[in-house]
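Here the structure comes first, spelled out in structure tokens, and everything after it is commentary.
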Amino acid sequence: MTAGLPLTIPNSFARNARWFAGAEAVVDSGTRLTYADLDALSLRAASLFAQLGAEPGKPLALLSPPSAIYLIAWLGAVRLGALPMALHTRESAATLAAICRKMRPTLLVYDASMEELAAGTTAGYGEFRA
């Protein structure tokens, strides 16, 4: 625990971002991010999600293959206090829509490569394309 801060994922990540700012945090096929980069991008994502209607304590759906984008979105949701809800990219749009009707996410965040699948999933939901 850091100086009176509760031991949470956002607080732990922020501490690591300070301690290891220039160290590589995530690498995927097209992206390399340091802890400082991931820290800044996830804070921007949290702010954007809030502007788009995501709320602390409520589900926020994520539809993305494993990538740096997914990690930024997941960490942004957690930092906002939203409950990240991972949707499996191999499910049908009908199955994902049924899950969303049941879970009622305030926002669907999806990778551009998932646009067609997201379109079949989003009836009645706010959405944001990564």
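Identifiers in the structure tokens: chain A, B, ... in order shown; residue index from 1 per chain; ligand index from 1 in order shown.
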TODO: Taking the chain letters and numbering used in this document, name the residues of range 56-127 of chain A that DSSP puts in strand (DSSP E), as a ChimeraX atom specification.
DONE: /A:59-63,83-86,108-110,127
Would you put the residues from that selection into a file with N, CA and C atoms, as a compact mmCIF listing (two decimals), in the first residue's frame?
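What follows is the written file out-v7.txt:
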# COMPACT_ATOMS: atom_id res chain seq x y z
N PRO A 59 -21.65 -1.93 -15.61
CA PRO A 59 -20.87 -2.63 -16.64
C PRO A 59 -20.54 -1.75 -17.84
N LEU A 60 -19.35 -1.97 -18.38
CA LEU A 60 -18.88 -1.36 -19.61
C LEU A 60 -18.37 -2.53 -20.46
N ALA A 61 -19.01 -2.76 -21.61
CA ALA A 61 -18.67 -3.91 -22.45
C ALA A 61 -17.46 -3.62 -23.33
N LEU A 62 -16.57 -4.59 -23.43
CA LEU A 62 -15.36 -4.49 -24.26
C LEU A 62 -15.39 -5.60 -25.29
N LEU A 63 -15.24 -5.22 -26.56
CA LEU A 63 -15.23 -6.18 -27.66
C LEU A 63 -13.98 -5.90 -28.49
N LEU A 83 -17.33 -1.51 -14.40
CA LEU A 83 -17.06 -2.95 -14.33
C LEU A 83 -16.81 -3.46 -15.74
N PRO A 84 -15.53 -3.67 -16.12
CA PRO A 84 -15.26 -4.13 -17.48
C PRO A 84 -15.87 -5.51 -17.74
N MET A 85 -16.56 -5.62 -18.83
CA MET A 85 -17.27 -6.84 -19.20
C MET A 85 -16.73 -7.29 -20.56
N ALA A 86 -15.87 -8.29 -20.55
CA ALA A 86 -15.24 -8.77 -21.78
C ALA A 86 -16.24 -9.60 -22.59
N LEU A 108 -20.53 0.26 -25.04
CA LEU A 108 -19.79 -0.81 -25.71
C LEU A 108 -18.57 -0.18 -26.36
N VAL A 109 -17.41 -0.62 -25.95
CA VAL A 109 -16.15 -0.15 -26.52
C VAL A 109 -15.64 -1.28 -27.40
N TYR A 110 -15.37 -0.97 -28.68
CA TYR A 110 -14.93 -2.04 -29.56
C TYR A 110 -13.81 -1.58 -30.48
N GLU A 127 -22.14 3.64 -27.82
CA GLU A 127 -20.98 2.87 -28.25
C GLU A 127 -19.82 3.81 -28.57
Task: Distance query Leu38 in chain A at most 12 Å, only C-alpha atoms, self and fewer than 4 positions along chain excluded, as number ranges by chain - done: A: 10, 13-14, 16-18, 20-27, 31-34, 42-46, 68-76
Task: Nearest-residue call for Met103 in chain A, choices A:Asp28, A:Val78, A:Lys58, A:Ser47, using only C-alpha atoms - done: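 Looking at the shortest contact to Met103 in chain A, the residue is A:Lys58.
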Task: Gap from CA of Thr121 in chain A to CA of Leu96 in chain A - Å, one decimal - done: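 According to the coordinates, CA of Thr121 in chain A and CA of Leu96 in chain A are separated by 5.7 Å.
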Open item on the list: Write out as number ranges by chain the set of residues from chain A that DSSP, computed on the backbone, places in alpha helix (DSSP H).
Closed with: A: 9-19, 35-51, 68-80, 93-103, 115-119
Task: Point-to-point distance from CA of Thr8 in chain A to CA of Pro65 in chain A, Å rounded to tenths - done: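 Between CA of Thr8 in chain A and CA of Pro65 in chain A the gap works out to 25.3 Å.
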